[in-house]
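**Q** One structure coming up, written as structure tokens, with questions to follow.
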Amino acid sequence: MAQVNYFLTEEQQMIVDVAKNITAEKIIPVRASLDEREEFPWDIVYELARSDLFGIYIPQQYGGLGMGCFEMCLALEQLAYGCIGVTTTFAASALGGYPILLFGTEAQKEKYLPSIASGKRLGAFGLTEVTAGSDAAGIQTTAIEDGDFWVINGSKQWITSGGDAEIYTIIAMTDPHKGARGASAFIIEKGDPGFTFGKKEKKLGLRASSTRELFFTECRIPKDRLLGKRGQGFILAMRTLDLARPGIGAIGVGLSQAALDEAGKHAKNRIQFGQPVITFQAVQHMLADMAIQTEAARALVFVVARTIDTGVKDISKLSAIAKVFPTDTAMKVTTDAVQVMGGFGYMKDYPVEKMMRDAKILQIYEGTNQIQRNVIGQALNKEYMN
Ligand code: COS
């Protein structure tokens, strides 16, 4: 049966093959136990590090592979086919790396990017707080200049890889009276004085990924840890998320494909009324819709990622579109996979119940799908005014 041809180069096909092998050999065999025990996947992190995948988007001069958003999406889809908890650990490191790549000085890039590219140190991104999530400008963590230092006070909530990552890009208010324009970004290292972590959160899904609070109590960091200009923190966060959101779409595609494959194989083997349930039109139509949506989501993510890699400006709308559709699709497809498998689907003996639990976060993190629709709506509003 013909498959869609995405015309990958040899290098891109290699990324797919490497990620696919890691998924088959290292992720799928342990995903249920990582989920059950809420275990951080260090062995898989080391494997990903050995494979050079952490450096896909990082220029070669800083130890990376010098590729882009599209190749990240290729890898993320393949890894998500196995487990999106593990994949989120991988993606979150890039979320910590992108701001340094986009806004870092030469010295900051040289200091931090090689260890993120090699996977020796994991990156993380800290924006969300008790008072700020969707309202990214509502943060209350402060950074005050004190001689040659910045002194940071406050906390960050639900930070992926919090406590396990070593390099954090965080946003704090340097000029609170200026609102969004009073926010600045900083690089924080694990071990900085006054920087501590909360307990590991217990979650519905994504249980292989660690999530903790970050606490800053008179946390003193050298002046040169300011990332970008003072007051540029909000824009830095928005541009980082613009670059990362198609990757979340790609995770949705991988997860949808995995759920579809599980449901399809099961429907072929499950006999009811004397015949495989896949021969019933009711089941076929569900599988058909799952296949249509998954392929459409993949095509969308790939074409948006490739467009971003051409260097176009103002990608917020495209990036939001590439996050919303595949992640809404993942929620629908995983739910339908459970339905196709019936009682089996609901049992922990089969992987689709985990897939359905995991899918929910995709509609929430890196900007809820309601916020994405706001971003798209506001862009349309601007476009139609002209
Ligand atoms: N790129 C560059 N600049 C951007 C931008 C983007 N993607 N989005 C907004 N800006 C600029 C605006 O142009 C505006 O600049 P001016 O002050 O010069 O006019 C400034 O930033 C403020 O923008 P806006 O008024 O639109 O900000 P809002 O507070 O209304 O917030 C949303 C906009 C809701 C889109 C933003 O807060 C958001 O993305 N929230 C979700 C954050 C998120 O993803 N959280 C999840 C946790 S992080 S993993």
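By convention here, the chains of the structure tokens are called A, B, ... in the order presented, each chain's residues are numbered starting at 1, and ligands are numbered starting at 1 in the order presented.
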Output the neighbourhood of ligand 1 as a short mmCIF file (atom, residue, chain, number, x, y, z; two decimals) with all heavy atoms, in the first residue's frame, that is, all protein and nucleic acid residues with some atom at most 8 Å from the ligand, counting only C-alpha atoms and all ligand atoms.
**A**
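That gives us part05.cif:
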```
data_model
loop_
_atom_site.label_atom_id
_atom_site.label_comp_id
_atom_site.auth_asym_id
_atom_site.auth_seq_id
_atom_site.Cartn_x
_atom_site.Cartn_y
_atom_site.Cartn_z
N LEU A 95 13.43 23.09 24.81
CA LEU A 95 12.72 24.29 25.25
C LEU A 95 13.65 25.16 26.13
O LEU A 95 13.53 26.38 26.16
CB LEU A 95 11.47 23.89 26.04
CG LEU A 95 10.35 24.89 26.15
CD1 LEU A 95 9.85 25.35 24.80
CD2 LEU A 95 9.18 24.29 26.95
N PHE A 125 12.70 24.92 30.92
CA PHE A 125 12.18 26.26 30.68
C PHE A 125 11.19 26.61 31.78
O PHE A 125 10.25 25.85 32.03
CB PHE A 125 11.48 26.27 29.31
CG PHE A 125 10.96 27.61 28.87
CD1 PHE A 125 11.82 28.64 28.57
CD2 PHE A 125 9.60 27.82 28.73
CE1 PHE A 125 11.35 29.87 28.14
CE2 PHE A 125 9.11 29.05 28.31
CZ PHE A 125 9.99 30.07 28.01
N GLY A 126 11.38 27.73 32.43
CA GLY A 126 10.52 28.11 33.56
C GLY A 126 9.80 29.42 33.32
O GLY A 126 10.38 30.50 33.46
N LEU A 127 8.53 29.30 32.95
CA LEU A 127 7.70 30.49 32.75
C LEU A 127 6.53 30.47 33.75
O LEU A 127 6.29 31.43 34.47
CB LEU A 127 7.17 30.51 31.30
CG LEU A 127 6.12 31.57 30.94
CD1 LEU A 127 6.74 32.97 30.99
CD2 LEU A 127 5.57 31.32 29.53
N THR A 128 5.83 29.33 33.79
CA THR A 128 4.59 29.22 34.55
C THR A 128 4.80 29.43 36.06
O THR A 128 5.80 28.99 36.62
CB THR A 128 3.98 27.83 34.31
OG1 THR A 128 3.77 27.68 32.93
CG2 THR A 128 2.67 27.65 35.06
N ALA A 132 0.56 32.69 36.95
CA ALA A 132 0.81 32.89 35.52
C ALA A 132 0.96 31.56 34.80
O ALA A 132 1.73 30.72 35.22
CB ALA A 132 2.09 33.70 35.32
N GLY A 133 0.16 31.38 33.76
CA GLY A 133 0.27 30.17 32.94
C GLY A 133 -0.13 30.59 31.55
O GLY A 133 0.70 30.97 30.73
N SER A 134 -1.46 30.63 31.35
CA SER A 134 -1.97 31.20 30.09
C SER A 134 -1.61 32.68 30.02
O SER A 134 -1.21 33.19 28.97
CB SER A 134 -3.49 31.04 30.01
OG SER A 134 -3.81 29.68 29.91
N ASP A 135 -1.74 33.37 31.15
CA ASP A 135 -1.36 34.79 31.20
C ASP A 135 0.14 34.87 31.47
O ASP A 135 0.57 35.03 32.61
CB ASP A 135 -2.16 35.48 32.32
CG ASP A 135 -1.80 36.96 32.43
OD1 ASP A 135 -1.05 37.47 31.56
OD2 ASP A 135 -2.27 37.60 33.40
N ALA A 136 0.90 34.76 30.38
CA ALA A 136 2.35 34.66 30.53
C ALA A 136 2.96 35.92 31.15
O ALA A 136 4.03 35.88 31.73
CB ALA A 136 2.98 34.39 29.16
N ALA A 137 2.25 37.04 31.04
CA ALA A 137 2.80 38.28 31.58
C ALA A 137 2.48 38.44 33.08
O ALA A 137 2.93 39.39 33.71
CB ALA A 137 2.25 39.48 30.80
N GLY A 138 1.75 37.47 33.65
CA GLY A 138 1.32 37.61 35.04
C GLY A 138 2.32 37.09 36.06
O GLY A 138 1.96 36.83 37.21
N ILE A 159 7.31 22.58 36.33
CA ILE A 159 8.40 22.68 35.36
C ILE A 159 8.90 21.28 34.95
O ILE A 159 9.36 20.50 35.79
CB ILE A 159 9.56 23.53 35.94
CG1 ILE A 159 9.03 24.92 36.33
CG2 ILE A 159 10.70 23.63 34.92
CD1 ILE A 159 8.28 25.68 35.24
N ALA A 180 4.28 43.28 30.60
CA ALA A 180 5.01 42.31 29.78
C ALA A 180 6.41 42.81 29.41
O ALA A 180 7.35 42.03 29.32
CB ALA A 180 4.22 42.01 28.51
N ARG A 181 6.54 44.13 29.24
CA ARG A 181 7.84 44.68 28.85
C ARG A 181 8.81 44.80 30.03
O ARG A 181 9.94 45.24 29.88
CB ARG A 181 7.66 46.05 28.20
CG ARG A 181 7.14 45.92 26.79
CD ARG A 181 6.68 47.24 26.24
NE ARG A 181 6.35 47.11 24.85
CZ ARG A 181 7.22 47.26 23.86
NH1 ARG A 181 8.47 47.55 24.11
NH2 ARG A 181 6.83 47.11 22.61
N PHE A 234 9.49 38.57 27.85
CA PHE A 234 8.19 38.12 27.35
C PHE A 234 8.31 37.72 25.88
O PHE A 234 7.86 36.66 25.47
CB PHE A 234 7.14 39.21 27.54
CG PHE A 234 5.74 38.78 27.14
CD1 PHE A 234 4.96 38.04 28.02
CD2 PHE A 234 5.22 39.09 25.89
CE1 PHE A 234 3.68 37.62 27.66
CE2 PHE A 234 3.95 38.68 25.52
CZ PHE A 234 3.18 37.95 26.41
N ILE A 235 8.97 38.55 25.11
CA ILE A 235 9.15 38.27 23.67
C ILE A 235 9.98 37.00 23.51
O ILE A 235 9.70 36.16 22.66
CB ILE A 235 9.87 39.46 22.97
CG1 ILE A 235 9.07 40.74 23.15
CG2 ILE A 235 10.13 39.17 21.49
CD1 ILE A 235 7.79 40.81 22.39
N LEU A 236 11.02 36.87 24.36
CA LEU A 236 11.85 35.66 24.31
C LEU A 236 11.00 34.42 24.55
O LEU A 236 11.11 33.42 23.84
CB LEU A 236 12.98 35.77 25.34
CG LEU A 236 13.88 34.55 25.54
CD1 LEU A 236 15.33 34.99 25.82
CD2 LEU A 236 13.40 33.65 26.67
N ALA A 237 10.11 34.51 25.55
CA ALA A 237 9.25 33.35 25.86
C ALA A 237 8.33 33.05 24.68
O ALA A 237 8.17 31.89 24.28
CB ALA A 237 8.44 33.64 27.12
N MET A 238 7.75 34.09 24.11
CA MET A 238 6.81 33.88 22.99
C MET A 238 7.54 33.28 21.78
O MET A 238 7.04 32.37 21.14
CB MET A 238 6.16 35.22 22.57
CG MET A 238 5.22 35.81 23.60
SD MET A 238 3.82 34.73 23.95
CE MET A 238 4.17 34.21 25.60
N ARG A 239 8.72 33.80 21.50
CA ARG A 239 9.45 33.28 20.32
C ARG A 239 9.94 31.86 20.55
O ARG A 239 9.98 31.04 19.63
CB ARG A 239 10.61 34.23 19.96
CG ARG A 239 10.05 35.52 19.34
CD ARG A 239 11.05 36.30 18.53
NE ARG A 239 11.88 35.47 17.68
CZ ARG A 239 13.12 35.80 17.32
NH1 ARG A 239 13.65 36.93 17.75
NH2 ARG A 239 13.81 35.02 16.52
N LEU A 241 8.35 29.64 22.41
CA LEU A 241 7.16 28.77 22.27
C LEU A 241 6.75 28.65 20.81
O LEU A 241 6.34 27.57 20.36
CB LEU A 241 6.02 29.32 23.13
CG LEU A 241 6.28 29.19 24.65
CD1 LEU A 241 5.31 30.04 25.45
CD2 LEU A 241 6.21 27.74 25.10
N ASP A 242 6.89 29.73 20.05
CA ASP A 242 6.57 29.66 18.61
C ASP A 242 7.39 28.57 17.92
O ASP A 242 6.92 27.87 17.04
CB ASP A 242 6.88 31.00 17.91
CG ASP A 242 5.82 32.06 18.18
OD1 ASP A 242 4.75 31.71 18.70
OD2 ASP A 242 6.08 33.24 17.87
N ASP A 314 7.34 36.03 12.03
CA ASP A 314 5.96 36.06 12.48
C ASP A 314 5.25 34.71 12.29
O ASP A 314 4.28 34.59 11.55
CB ASP A 314 5.21 37.16 11.71
CG ASP A 314 4.10 37.76 12.57
OD1 ASP A 314 3.86 37.19 13.65
OD2 ASP A 314 3.49 38.76 12.17
N ILE A 315 5.75 33.72 12.99
CA ILE A 315 5.28 32.34 12.79
C ILE A 315 4.22 31.92 13.82
O ILE A 315 3.80 30.77 13.83
CB ILE A 315 6.45 31.34 12.84
CG1 ILE A 315 7.19 31.43 14.19
CG2 ILE A 315 7.41 31.58 11.68
CD1 ILE A 315 8.22 30.34 14.40
N SER A 316 3.78 32.87 14.67
CA SER A 316 2.88 32.49 15.78
C SER A 316 1.64 31.74 15.31
O SER A 316 1.27 30.71 15.89
CB SER A 316 2.42 33.71 16.55
OG SER A 316 3.49 34.51 16.86
N ILE A 364 -2.89 20.80 26.91
CA ILE A 364 -2.72 21.75 28.01
C ILE A 364 -1.35 22.44 27.98
O ILE A 364 -1.27 23.67 28.07
CB ILE A 364 -2.90 21.02 29.37
CG1 ILE A 364 -4.31 20.44 29.49
CG2 ILE A 364 -2.60 21.96 30.54
CD1 ILE A 364 -4.54 19.55 30.69
N TYR A 365 -0.26 21.65 27.84
CA TYR A 365 1.05 22.30 28.04
C TYR A 365 1.55 23.04 26.79
O TYR A 365 0.98 22.91 25.72
CB TYR A 365 2.08 21.35 28.65
CG TYR A 365 2.66 20.20 27.84
CD1 TYR A 365 2.35 19.98 26.52
CD2 TYR A 365 3.54 19.33 28.47
CE1 TYR A 365 2.92 18.93 25.82
CE2 TYR A 365 4.11 18.26 27.77
CZ TYR A 365 3.79 18.07 26.44
OH TYR A 365 4.35 17.04 25.76
N GLU A 366 2.58 23.83 27.01
CA GLU A 366 3.11 24.76 25.99
C GLU A 366 2.01 25.66 25.39
O GLU A 366 2.02 25.99 24.21
CB GLU A 366 3.89 24.01 24.92
CG GLU A 366 5.16 23.45 25.53
CD GLU A 366 6.30 23.19 24.58
OE1 GLU A 366 6.34 23.78 23.49
OE2 GLU A 366 7.17 22.41 24.95
N GLY A 367 1.08 26.04 26.25
CA GLY A 367 -0.03 26.90 25.84
C GLY A 367 -1.25 26.05 25.56
O GLY A 367 -1.22 25.20 24.67
N THR A 368 -2.31 26.25 26.33
CA THR A 368 -3.52 25.42 26.14
C THR A 368 -4.04 25.60 24.72
O THR A 368 -3.75 26.61 24.05
CB THR A 368 -4.65 25.85 27.11
OG1 THR A 368 -5.01 27.20 26.78
CG2 THR A 368 -4.23 25.76 28.56
N ILE A 371 -5.68 28.87 24.30
CA ILE A 371 -4.75 29.98 24.04
C ILE A 371 -4.27 29.95 22.59
O ILE A 371 -4.15 30.99 21.93
CB ILE A 371 -3.55 29.94 25.02
CG1 ILE A 371 -3.97 30.39 26.42
CG2 ILE A 371 -2.38 30.79 24.52
CD1 ILE A 371 -4.29 31.87 26.56
N GLN A 372 -4.03 28.75 22.06
CA GLN A 372 -3.59 28.66 20.65
C GLN A 372 -4.66 29.27 19.74
O GLN A 372 -4.36 29.95 18.77
CB GLN A 372 -3.34 27.21 20.21
CG GLN A 372 -2.40 26.41 21.09
CD GLN A 372 -1.06 27.07 21.31
OE1 GLN A 372 -0.46 27.61 20.38
NE2 GLN A 372 -0.59 27.07 22.54
N ASN A 374 -6.73 31.55 20.56
CA ASN A 374 -6.65 33.01 20.72
C ASN A 374 -5.56 33.57 19.80
O ASN A 374 -5.76 34.59 19.14
CB ASN A 374 -6.26 33.39 22.16
CG ASN A 374 -7.41 33.28 23.12
OD1 ASN A 374 -8.50 32.89 22.73
ND2 ASN A 374 -7.17 33.59 24.39
N VAL A 375 -4.40 32.90 19.81
CA VAL A 375 -3.28 33.38 18.99
C VAL A 375 -3.69 33.38 17.51
O VAL A 375 -3.46 34.35 16.78
CB VAL A 375 -2.03 32.48 19.21
CG1 VAL A 375 -0.94 32.80 18.20
CG2 VAL A 375 -1.50 32.64 20.63
#
```
**Q** Can you build me a table of region 73-147 of chain A residues sitting at most 9 Å from region 218-232 of chain A, with the closest atom pair per residue and its distance in Å to one decimal, using only C-alpha atoms, sorted by chain and residue number, as a tab-separated table?
**A**
```
residue	atom	partner	partner_atom	distance
A:Pro99	CA	A:Leu227	CA	7.9
A:Ile100	CA	A:Leu227	CA	7.1
A:Leu102	CA	A:Gly228	CA	8.7
A:Phe103	CA	A:Gly228	CA	5.0
A:Gly104	CA	A:Leu227	CA	5.8
A:Thr105	CA	A:Gly228	CA	7.6
A:Gln108	CA	A:Arg225	CA	8.0
A:Glu145	CA	A:Lys223	CA	8.1
A:Asp146	CA	A:Arg220	CA	8.9
A:Gly147	CA	A:Lys223	CA	8.4
```
**Q** For Ala244 (chain A), find every residue with an atom within 10 Å (counting only C-alpha atoms), except residues of its own chain fewer than 4 positions away, and show them as a short mmCIF file (atom, residue, chain, number, x, y, z; two decimals) with N, CA and C atoms, in the first residue's frame.
**A**
```
data_model
loop_
_atom_site.label_atom_id
_atom_site.label_comp_id
_atom_site.auth_asym_id
_atom_site.auth_seq_id
_atom_site.Cartn_x
_atom_site.Cartn_y
_atom_site.Cartn_z
N CYS A 69 13.73 22.83 12.76
CA CYS A 69 12.45 22.48 13.37
C CYS A 69 11.88 21.20 12.72
N MET A 72 13.61 18.15 14.06
CA MET A 72 13.15 17.92 15.45
C MET A 72 11.81 17.22 15.42
N CYS A 73 10.92 17.67 14.54
CA CYS A 73 9.58 17.07 14.46
C CYS A 73 9.67 15.60 14.02
N ALA A 91 11.99 16.83 24.57
CA ALA A 91 11.50 18.10 24.03
C ALA A 91 11.78 19.26 24.99
N ALA A 92 11.67 18.99 26.30
CA ALA A 92 11.85 20.06 27.29
C ALA A 92 13.28 20.55 27.31
N ALA A 94 15.10 20.91 24.73
CA ALA A 94 15.16 21.88 23.63
C ALA A 94 14.48 23.18 24.02
N LEU A 95 13.43 23.09 24.81
CA LEU A 95 12.72 24.29 25.25
C LEU A 95 13.65 25.16 26.13
N TYR A 98 16.43 26.45 23.16
CA TYR A 98 16.03 27.42 22.13
C TYR A 98 16.29 28.87 22.53
N MET A 238 7.75 34.09 24.11
CA MET A 238 6.81 33.88 22.99
C MET A 238 7.54 33.28 21.78
N ARG A 239 8.72 33.80 21.50
CA ARG A 239 9.45 33.28 20.32
C ARG A 239 9.94 31.86 20.55
N THR A 240 10.29 31.55 21.78
CA THR A 240 10.69 30.18 22.12
C THR A 240 9.51 29.24 21.90
N ILE A 248 5.34 19.87 19.59
CA ILE A 248 4.27 19.25 20.40
C ILE A 248 3.25 18.63 19.44
N GLY A 249 3.01 19.31 18.32
CA GLY A 249 2.15 18.72 17.29
C GLY A 249 2.71 17.39 16.82
N ALA A 305 6.62 23.05 9.87
CA ALA A 305 8.02 23.00 10.34
C ALA A 305 8.97 23.38 9.20
N SER A 319 2.51 28.25 13.88
CA SER A 319 2.99 27.38 14.94
C SER A 319 1.83 26.92 15.84
N ALA A 320 0.90 27.84 16.11
CA ALA A 320 -0.27 27.48 16.94
C ALA A 320 -1.16 26.48 16.20
N LYS A 323 0.18 23.12 16.45
CA LYS A 323 0.04 22.50 17.78
C LYS A 323 -1.39 22.03 18.03
N GLU A 366 2.58 23.83 27.01
CA GLU A 366 3.11 24.76 25.99
C GLU A 366 2.01 25.66 25.39
#
```
**Q** Please, what distance in Å, to one decimal, runs between CA of Ser209 (chain A) and CA of Gly119 (chain A)?
**A**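 The value is 16.0 Å.
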**Q** Which of these residues is nearest to Asp35 (chain A), using only C-alpha atoms: A:Ser256, A:Thr310, A:Ser210, A:Thr142?
**A** A:Ser210
**Q** How many Å separate CA of Ser93 (chain A) from CA of Thr174 (chain A)?
**A** 25.1 Å
**Q** Pick the closest to Phe325 (chain A) from A:Glu38, A:Glu295, A:Asp164, A:Glu129: which is it, counting only C-alpha atoms?
**A**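 Under the stated criterion, the closest residue is A:Glu295.
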**Q** Using only C-alpha atoms, which of the listed residues (A:Leu243, A:Leu74, A:Ile152, A:Val352) sits closest to Leu8 (chain A)?
**A**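 Checking each candidate against Leu8 (chain A), we get A:Leu74 as the closest.
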